[in-house]
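Trainee: Have a look at this one.
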Amino acid sequence: MRIIFTLVLYNNRYAEIEKLIESINKLNSEYYKNKDIILSINDNSNKFSLENQIKENLNNNIIFYYSYNNNIGFGRGHNCAFAASRISCNLNKDDILIIVNPDVYFLPKEIHRMIDFINQKENKKIVCIAPLIFNEKEIIQYSAKQNPTILSLFIGRIRQLERIGIFRNYISKNQNRSRTLSSIFECEYLSGCFLLIRAISFSEINGFDERYFLHFEDADLTRTLSKVGKCIHYPYSKIIHRWNRGSHKSLRQTILLIQSMINYFRKWGLKLI
């Protein structure tokens with residue numbers, strides 16, 4: 001078994017990924033000394049490269065680093081990083097792919113627990129697992145959702161609507177809030193900030209749909225993976241995600257969000273509520 005992390009960067013400074021690099025180092029030293037841990041990076045930055053700093057600080061791991069000097073998007077970036085990890089080695093059926101954001105970090109035991117769970121014989125139909133996600137203030141991010149609808153997106157943009165009972169109840173159900181903390185359940189829409197996937201399943205569906213430059217690519221990916229196996233919310237592991245909601249702060253991000261939303265509903269069908 002090999003563990004392949006894919007990471008997409010865009011004008012990130014090393015301080016932003018330092019905790020992630022530390023997490024990967026500890027995962028290697030505490031649980032997987034005799035296993036290959038691969039970090040494959042697609043760097044879309046046009047300002048500077050972090051290659052030397054990462055190689056200096058990542059211990060005993062294989063690194064593939066490709067710099068494009070052009071932002072090719074989140075999904076395509078991860079696809080390229082995954083393809084790069086396969087240049088020097090064939091894909092094995094037990095290899096694990098971990099899609100991770102730069103602003104994520106974790107304790108090694110949390111990831112080991114997830115890998116142990118997916119490798120159990122009774123869980124061979126599981127192709128993707130996502131953990132509980134918290135921010136640095138220990139506030140939960142409800143990331144195991146029902147498939148997107150126009151109403152869920154509308155409430156997500158105008159958070160004040162949650163003060164109204166009917167909308168609060170709707171979004172609570174849409175985001176599976178009542179069972180997120182304590183239940184393992186199948187879910188077709190898991191957050192792309194951290195996904196643990198059978199690498200062979202990711203390859204089988206040809207990875208991310210590259211029509212999404214940013215936003216909805218995770219909703220599309222996990223919904224597609226659900227066609228070949230089970231996608232699971234696993235609350236017995238947790239990660240920290242610092243989470244910068246760029247689409248709520250930038251006009252360009254909002255435009256990208258709308259474009260991705262149109263692509264998503266064209267592909268899967270429009271659902272209002």
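As shown in the structure tokens, the chain order sets the letters A, B, ...; within each chain, residues go from 1, and ligands are also counted from 1 in the order they appear.
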Quick one: pick out all helix (DSSP H, G or I) residues within segment 197-268 of chain A from a backbone DSSP run and write them as an MDAnalysis selection string.

Mentor: chainID A and resid 199:204 217:225 246:248 251:268

Trainee: Taking only C-alpha atoms into account, produce a table as CSV in which each residue of segment 200-220 of chain A with an atom at most 9 Å from an atom of segment 69-91 of chain A appears once, together with its shortest atom pair and the distance in Å to one decimal, ordered by chain and rising number.

Mentor:
```
residue,atom,partner,partner_atom,distance
A:Ile200,CA,A:Leu91,CA,7.0
A:Ser203,CA,A:Phe82,CA,8.9
A:Asn206,CA,A:Asn79,CA,8.2
A:Gly207,CA,A:Asn79,CA,6.0
A:Phe208,CA,A:Gly75,CA,5.2
A:Asp209,CA,A:Gly75,CA,6.8
A:Glu210,CA,A:Arg76,CA,5.3
A:Arg211,CA,A:Gly75,CA,8.5
A:Tyr212,CA,A:Gly75,CA,6.9
A:Phe213,CA,A:Gly73,CA,4.6
A:Leu214,CA,A:Phe74,CA,5.7
A:His215,CA,A:Phe74,CA,8.4
A:Glu217,CA,A:Gly75,CA,6.4
A:Asp218,CA,A:Gly75,CA,8.4
```

Trainee: Keeping only C-alpha atoms, take the residues you just selected and write them out as a PDB file, in the first residue's frame.

Mentor:
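Generated file (result39.pdb):
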```
ATOM      1  CA  ILE A 200      -7.844   2.788  -8.367  1.00  0.00           C
ATOM      2  CA  SER A 203      -8.469   6.398 -11.830  1.00  0.00           C
ATOM      3  CA  ASN A 206     -10.856   9.597 -14.693  1.00  0.00           C
ATOM      4  CA  GLY A 207     -10.595  11.855 -11.662  1.00  0.00           C
ATOM      5  CA  PHE A 208     -12.170  15.275 -11.451  1.00  0.00           C
ATOM      6  CA  ASP A 209     -14.335  16.598 -14.242  1.00  0.00           C
ATOM      7  CA  GLU A 210     -12.121  19.405 -15.540  1.00  0.00           C
ATOM      8  CA  ARG A 211     -15.048  21.511 -16.744  1.00  0.00           C
ATOM      9  CA  TYR A 212     -15.167  22.903 -13.205  1.00  0.00           C
ATOM     10  CA  PHE A 213     -12.394  25.450 -12.725  1.00  0.00           C
ATOM     11  CA  LEU A 214     -13.332  25.942  -9.084  1.00  0.00           C
ATOM     12  CA  HIS A 215     -16.417  25.147  -6.953  1.00  0.00           C
ATOM     13  CA  GLU A 217     -15.884  19.898  -8.393  1.00  0.00           C
ATOM     14  CA  ASP A 218     -16.124  18.016  -5.088  1.00  0.00           C
TER      15      ASP A 218
END
```

Trainee: List as a ChimeraX atom specification the protein and nucleic acid residues near Gln146 of chain A, meaning an atom at most 9 Å away when only C-alpha atoms are counted, but skip any in the same chain fewer than 5 places from it.

Mentor: /A:173-176,187-190

Trainee: Let's have the selection written as a JSON list (two decimals), in the first residue's frame, with all heavy atoms.

Mentor:
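The file below, part.json, is the result:
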```
[["chain", "number", "residue", "atom", "x", "y", "z"],
["A", 173, "LYS", "N", -31.39, 19.81, 7.50],
["A", 173, "LYS", "CA", -31.60, 18.52, 6.85],
["A", 173, "LYS", "C", -30.67, 18.35, 5.66],
["A", 173, "LYS", "O", -30.07, 17.29, 5.46],
["A", 173, "LYS", "CB", -33.05, 18.39, 6.40],
["A", 173, "LYS", "CG", -33.37, 17.05, 5.73],
["A", 173, "LYS", "CD", -34.83, 16.98, 5.31],
["A", 173, "LYS", "CE", -35.12, 15.65, 4.60],
["A", 173, "LYS", "NZ", -36.54, 15.58, 4.15],
["A", 174, "ASN", "N", -30.52, 19.40, 4.86],
["A", 174, "ASN", "CA", -29.66, 19.34, 3.68],
["A", 174, "ASN", "C", -28.22, 19.05, 4.04],
["A", 174, "ASN", "O", -27.49, 18.36, 3.31],
["A", 174, "ASN", "CB", -29.76, 20.66, 2.90],
["A", 174, "ASN", "CG", -28.89, 20.68, 1.66],
["A", 174, "ASN", "OD1", -27.76, 21.14, 1.70],
["A", 174, "ASN", "ND2", -29.43, 20.18, 0.54],
["A", 175, "GLN", "N", -27.78, 19.56, 5.19],
["A", 175, "GLN", "CA", -26.40, 19.37, 5.62],
["A", 175, "GLN", "C", -26.23, 18.23, 6.62],
["A", 175, "GLN", "O", -25.16, 18.06, 7.19],
["A", 175, "GLN", "CB", -25.87, 20.67, 6.22],
["A", 175, "GLN", "CG", -25.77, 21.80, 5.20],
["A", 175, "GLN", "CD", -25.23, 23.08, 5.79],
["A", 175, "GLN", "OE1", -25.08, 23.22, 7.02],
["A", 175, "GLN", "NE2", -24.92, 24.05, 4.95],
["A", 176, "ASN", "N", -27.27, 17.44, 6.81],
["A", 176, "ASN", "CA", -27.21, 16.27, 7.70],
["A", 176, "ASN", "C", -26.68, 16.63, 9.10],
["A", 176, "ASN", "O", -25.93, 15.87, 9.71],
["A", 176, "ASN", "CB", -26.32, 15.19, 7.08],
["A", 176, "ASN", "CG", -26.92, 14.62, 5.81],
["A", 176, "ASN", "OD1", -28.03, 14.10, 5.81],
["A", 176, "ASN", "ND2", -26.18, 14.72, 4.72],
["A", 187, "CYS", "N", -22.93, 9.29, 1.67],
["A", 187, "CYS", "CA", -23.18, 10.68, 1.29],
["A", 187, "CYS", "C", -22.57, 10.94, -0.08],
["A", 187, "CYS", "O", -21.39, 10.67, -0.31],
["A", 187, "CYS", "CB", -22.57, 11.61, 2.34],
["A", 187, "CYS", "SG", -22.94, 13.35, 2.07],
["A", 188, "GLU", "N", -23.38, 11.48, -0.98],
["A", 188, "GLU", "CA", -22.91, 11.74, -2.34],
["A", 188, "GLU", "C", -22.20, 13.09, -2.49],
["A", 188, "GLU", "O", -21.64, 13.38, -3.55],
["A", 188, "GLU", "CB", -24.09, 11.69, -3.32],
["A", 188, "GLU", "CG", -24.67, 10.30, -3.53],
["A", 188, "GLU", "CD", -25.73, 10.28, -4.61],
["A", 188, "GLU", "OE1", -26.18, 11.36, -5.04],
["A", 188, "GLU", "OE2", -26.11, 9.19, -5.04],
["A", 189, "TYR", "N", -22.22, 13.91, -1.45],
["A", 189, "TYR", "CA", -21.61, 15.24, -1.54],
["A", 189, "TYR", "C", -20.73, 15.46, -0.31],
["A", 189, "TYR", "O", -21.20, 15.82, 0.75],
["A", 189, "TYR", "CB", -22.70, 16.31, -1.64],
["A", 189, "TYR", "CG", -22.22, 17.74, -1.78],
["A", 189, "TYR", "CD1", -20.87, 18.07, -1.95],
["A", 189, "TYR", "CD2", -23.13, 18.79, -1.74],
["A", 189, "TYR", "CE1", -20.45, 19.36, -2.08],
["A", 189, "TYR", "CE2", -22.72, 20.12, -1.88],
["A", 189, "TYR", "CZ", -21.37, 20.39, -2.04],
["A", 189, "TYR", "OH", -20.95, 21.70, -2.16],
["A", 190, "LEU", "N", -19.43, 15.23, -0.49],
["A", 190, "LEU", "CA", -18.45, 15.40, 0.58],
["A", 190, "LEU", "C", -17.47, 16.51, 0.20],
["A", 190, "LEU", "O", -17.14, 16.70, -0.97],
["A", 190, "LEU", "CB", -17.68, 14.09, 0.81],
["A", 190, "LEU", "CG", -18.52, 12.89, 1.26],
["A", 190, "LEU", "CD1", -17.71, 11.60, 1.16],
["A", 190, "LEU", "CD2", -19.05, 13.09, 2.67]]
```

Trainee: Just the residues within 12 Å of Met1 of chain A, please, counting only C-alpha atoms, with nothing from its chain fewer than 3 positions along; format it as a list of chain:residue names.

Mentor: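 Once the adjacent positions are removed, what remains is A:Ile4, A:Tyr32, A:Lys33, A:Asn34, A:Lys35, A:Asp36, A:Ile37, A:Ile38, A:Asn90, A:Leu91, A:Asn92, A:Lys93, A:Asp94, A:Asp95, A:Ile96, A:Leu97, A:Ile115, A:Asp116, A:Asn119, A:Arg198, A:Ala199, A:Ile200.
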
Trainee: Hey, can you check how far atom CA of Ile99 of chain A sits from atom CA of Tyr65 of chain A?

Mentor: 15.3 Å

Trainee: Please return as a list in words: the residues of segment 132-230 of chain A that backbone DSSP assigns to strand (DSSP E or B).

Mentor: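 DSSP on the backbone gives strand (DSSP E or B) at Leu132, Ile133, Phe134, Ile140, Ala144, Lys145, Phe185, Glu186, Tyr189, Leu190, Phe194, Leu195, Leu196, Ile197, Arg198 and Lys230 of chain A.
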
Trainee: Find, counting only C-alpha atoms, the residue in A:Asn12, A:Thr254, A:Asn25, A:Ser226 that gets nearest to Pro108 of chain A.

Mentor: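 Counting only C-alpha atoms, the residue closest to Pro108 of chain A is A:Asn25.
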
Trainee: Counting only C-alpha atoms, which residue out of A:Val8, A:Asn46, A:Lys109, A:Tyr68 sits closest to Glu30 of chain A?

Mentor: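 Among A:Val8, A:Asn46, A:Lys109, A:Tyr68, it is A:Lys109 that comes nearest to Glu30 of chain A.
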
Trainee: Quick one: everything within 8 Å of Ser201 of chain A, counting only C-alpha atoms, minus sequence neighbours fewer than 4 positions away in the same chain. Send it as a list in words.

Mentor: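 That gives Val127, Ile197, Ile205, Leu225 and Val228 of chain A.
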
Trainee: Atom CA of Ser178 of chain A to atom CA of Phe202 of chain A: how many Å, to one decimal?

Mentor: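 Atom-to-atom, atom CA of Ser178 of chain A and atom CA of Phe202 of chain A are spaced 29.7 Å apart.
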
Trainee: Between atom CA of Asp103 of chain A and atom CA of Trp243 of chain A, what is the distance, to one decimal in Å?

Mentor: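 These two atoms are separated by 6.8 Å.
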
Trainee: Write out as number ranges by chain each polymer residue whose atoms come within 12 Å of Arg168 of chain A, counting only C-alpha atoms; drop sequence neighbours fewer than 6 positions from it.

Mentor: A: 151-152, 155-156, 158-162, 174-175, 177

Trainee: Can those selected residues be exported to a file as a tab-separated table (two decimals), in the first residue's frame so that it contains N, CA, C and O atoms?

Mentor:
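File produced: result_36.tsv:
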```tsv
chain	number	residue	atom	x	y	z
A	151	LEU	N	-32.19	26.06	-3.63
A	151	LEU	CA	-32.53	26.63	-2.33
A	151	LEU	C	-31.36	26.50	-1.35
A	151	LEU	O	-31.07	27.46	-0.61
A	152	SER	N	-30.68	25.37	-1.33
A	152	SER	CA	-29.55	25.21	-0.40
A	152	SER	C	-28.43	26.20	-0.72
A	152	SER	O	-27.80	26.75	0.18
A	155	ILE	N	-29.60	29.77	0.46
A	155	ILE	CA	-29.47	29.95	1.91
A	155	ILE	C	-28.01	30.06	2.30
A	155	ILE	O	-27.64	30.83	3.20
A	156	GLY	N	-27.15	29.30	1.61
A	156	GLY	CA	-25.72	29.37	1.90
A	156	GLY	C	-25.12	30.74	1.62
A	156	GLY	O	-24.17	31.15	2.29
A	158	ILE	N	-26.99	33.65	1.72
A	158	ILE	CA	-27.64	34.63	2.59
A	158	ILE	C	-27.89	33.95	3.93
A	158	ILE	O	-28.97	33.42	4.20
A	159	ARG	N	-26.88	33.95	4.78
A	159	ARG	CA	-26.93	33.18	6.01
A	159	ARG	C	-28.00	33.66	6.98
A	159	ARG	O	-28.44	32.90	7.85
A	160	GLN	N	-28.42	34.90	6.84
A	160	GLN	CA	-29.45	35.44	7.74
A	160	GLN	C	-30.77	34.68	7.62
A	160	GLN	O	-31.59	34.70	8.53
A	161	LEU	N	-30.95	34.00	6.47
A	161	LEU	CA	-32.19	33.24	6.27
A	161	LEU	C	-32.33	32.10	7.28
A	161	LEU	O	-33.44	31.65	7.56
A	162	GLU	N	-31.20	31.66	7.84
A	162	GLU	CA	-31.26	30.57	8.81
A	162	GLU	C	-31.96	30.98	10.11
A	162	GLU	O	-32.30	30.13	10.93
A	174	ASN	N	-30.52	19.40	4.86
A	174	ASN	CA	-29.66	19.34	3.68
A	174	ASN	C	-28.22	19.05	4.04
A	174	ASN	O	-27.49	18.36	3.31
A	175	GLN	N	-27.78	19.56	5.19
A	175	GLN	CA	-26.40	19.37	5.62
A	175	GLN	C	-26.23	18.23	6.62
A	175	GLN	O	-25.16	18.06	7.19
A	177	ARG	N	-27.10	17.78	9.61
A	177	ARG	CA	-26.52	18.27	10.86
A	177	ARG	C	-26.83	17.38	12.05
A	177	ARG	O	-26.01	17.24	12.97
```

Trainee: Applying 12 Å and only C-alpha atoms, which residues near Ile232 of chain A remain after dropping the ones on its own chain fewer than 3 positions away? List them as a PDB file with C-alpha atoms, in the first residue's frame.

Mentor:
```pdb
ATOM      1  CA  MET A 114      -9.593   6.140   8.366  1.00  0.00           C
ATOM      2  CA  PHE A 117     -11.436   1.461   8.379  1.00  0.00           C
ATOM      3  CA  ILE A 118     -11.423   1.434   4.571  1.00  0.00           C
ATOM      4  CA  ASN A 123     -15.704  -2.275   3.778  1.00  0.00           C
ATOM      5  CA  LYS A 125     -17.313  -1.500  -1.347  1.00  0.00           C
ATOM      6  CA  ILE A 126     -16.290   1.840   0.163  1.00  0.00           C
ATOM      7  CA  VAL A 127     -14.367   3.976  -2.329  1.00  0.00           C
ATOM      8  CA  CYS A 128     -14.225   7.330  -0.526  1.00  0.00           C
ATOM      9  CA  ILE A 129     -14.180   8.546   3.077  1.00  0.00           C
ATOM     10  CA  ALA A 130     -14.346  12.050   4.525  1.00  0.00           C
ATOM     11  CA  PRO A 131     -13.769  12.894   8.204  1.00  0.00           C
ATOM     12  CA  LEU A 132     -15.327  15.400  10.548  1.00  0.00           C
ATOM     13  CA  SER A 143     -19.378  19.105   5.007  1.00  0.00           C
ATOM     14  CA  ALA A 144     -21.362  15.896   4.406  1.00  0.00           C
ATOM     15  CA  LYS A 145     -24.357  17.215   2.521  1.00  0.00           C
ATOM     16  CA  THR A 180     -22.850  14.510  11.376  1.00  0.00           C
ATOM     17  CA  SER A 183     -23.117   8.651  12.548  1.00  0.00           C
ATOM     18  CA  ILE A 184     -21.356   6.856   9.732  1.00  0.00           C
ATOM     19  CA  PHE A 185     -23.512   7.318   6.655  1.00  0.00           C
ATOM     20  CA  GLU A 186     -23.350   7.256   2.873  1.00  0.00           C
ATOM     21  CA  CYS A 187     -23.179  10.685   1.294  1.00  0.00           C
ATOM     22  CA  GLU A 188     -22.910  11.744  -2.342  1.00  0.00           C
ATOM     23  CA  TYR A 189     -21.610  15.242  -1.540  1.00  0.00           C
ATOM     24  CA  LEU A 190     -18.451  15.401   0.578  1.00  0.00           C
ATOM     25  CA  SER A 191     -16.091  18.349   0.944  1.00  0.00           C
ATOM     26  CA  LEU A 195     -10.976  13.140   0.737  1.00  0.00           C
ATOM     27  CA  LEU A 196      -9.475   9.711   1.264  1.00  0.00           C
ATOM     28  CA  ILE A 197     -10.139   7.666  -1.891  1.00  0.00           C
ATOM     29  CA  THR A 222     -18.180  12.306  -4.929  1.00  0.00           C
ATOM     30  CA  ARG A 223     -21.467  11.953  -6.782  1.00  0.00           C
ATOM     31  CA  LEU A 225     -17.643   8.022  -7.199  1.00  0.00           C
ATOM     32  CA  SER A 226     -20.974   6.997  -5.667  1.00  0.00           C
ATOM     33  CA  GLY A 229     -18.934   2.381  -4.716  1.00  0.00           C
ATOM     34  CA  PRO A 235     -17.138  10.994  12.205  1.00  0.00           C
ATOM     35  CA  TYR A 236     -14.530   9.067  14.214  1.00  0.00           C
TER      36      TYR A 236
END
```

Trainee: Which is closer to Leu20 of chain A than all the others in A:Arg179, A:Arg242, A:Arg252, A:Lys267, using only C-alpha atoms?

Mentor: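 Using only C-alpha atoms, Leu20 of chain A sits closest to A:Arg242.
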
Trainee: Looking at only C-alpha atoms, which of A:Arg163, A:Ile240, A:Asp220, A:Lys227 is the one that sits closest to Asn135 of chain A?

Mentor: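 Answer, going by the shortest atom-to-atom distance: A:Ile240.
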
Trainee: Ranking A:Asn11, A:Asn28, A:Ser237, A:Thr149 by minimum distance to Ala219 of chain A and counting only C-alpha atoms, which one comes first?

Mentor: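 Smallest separation from Ala219 of chain A among the options: A:Thr149.
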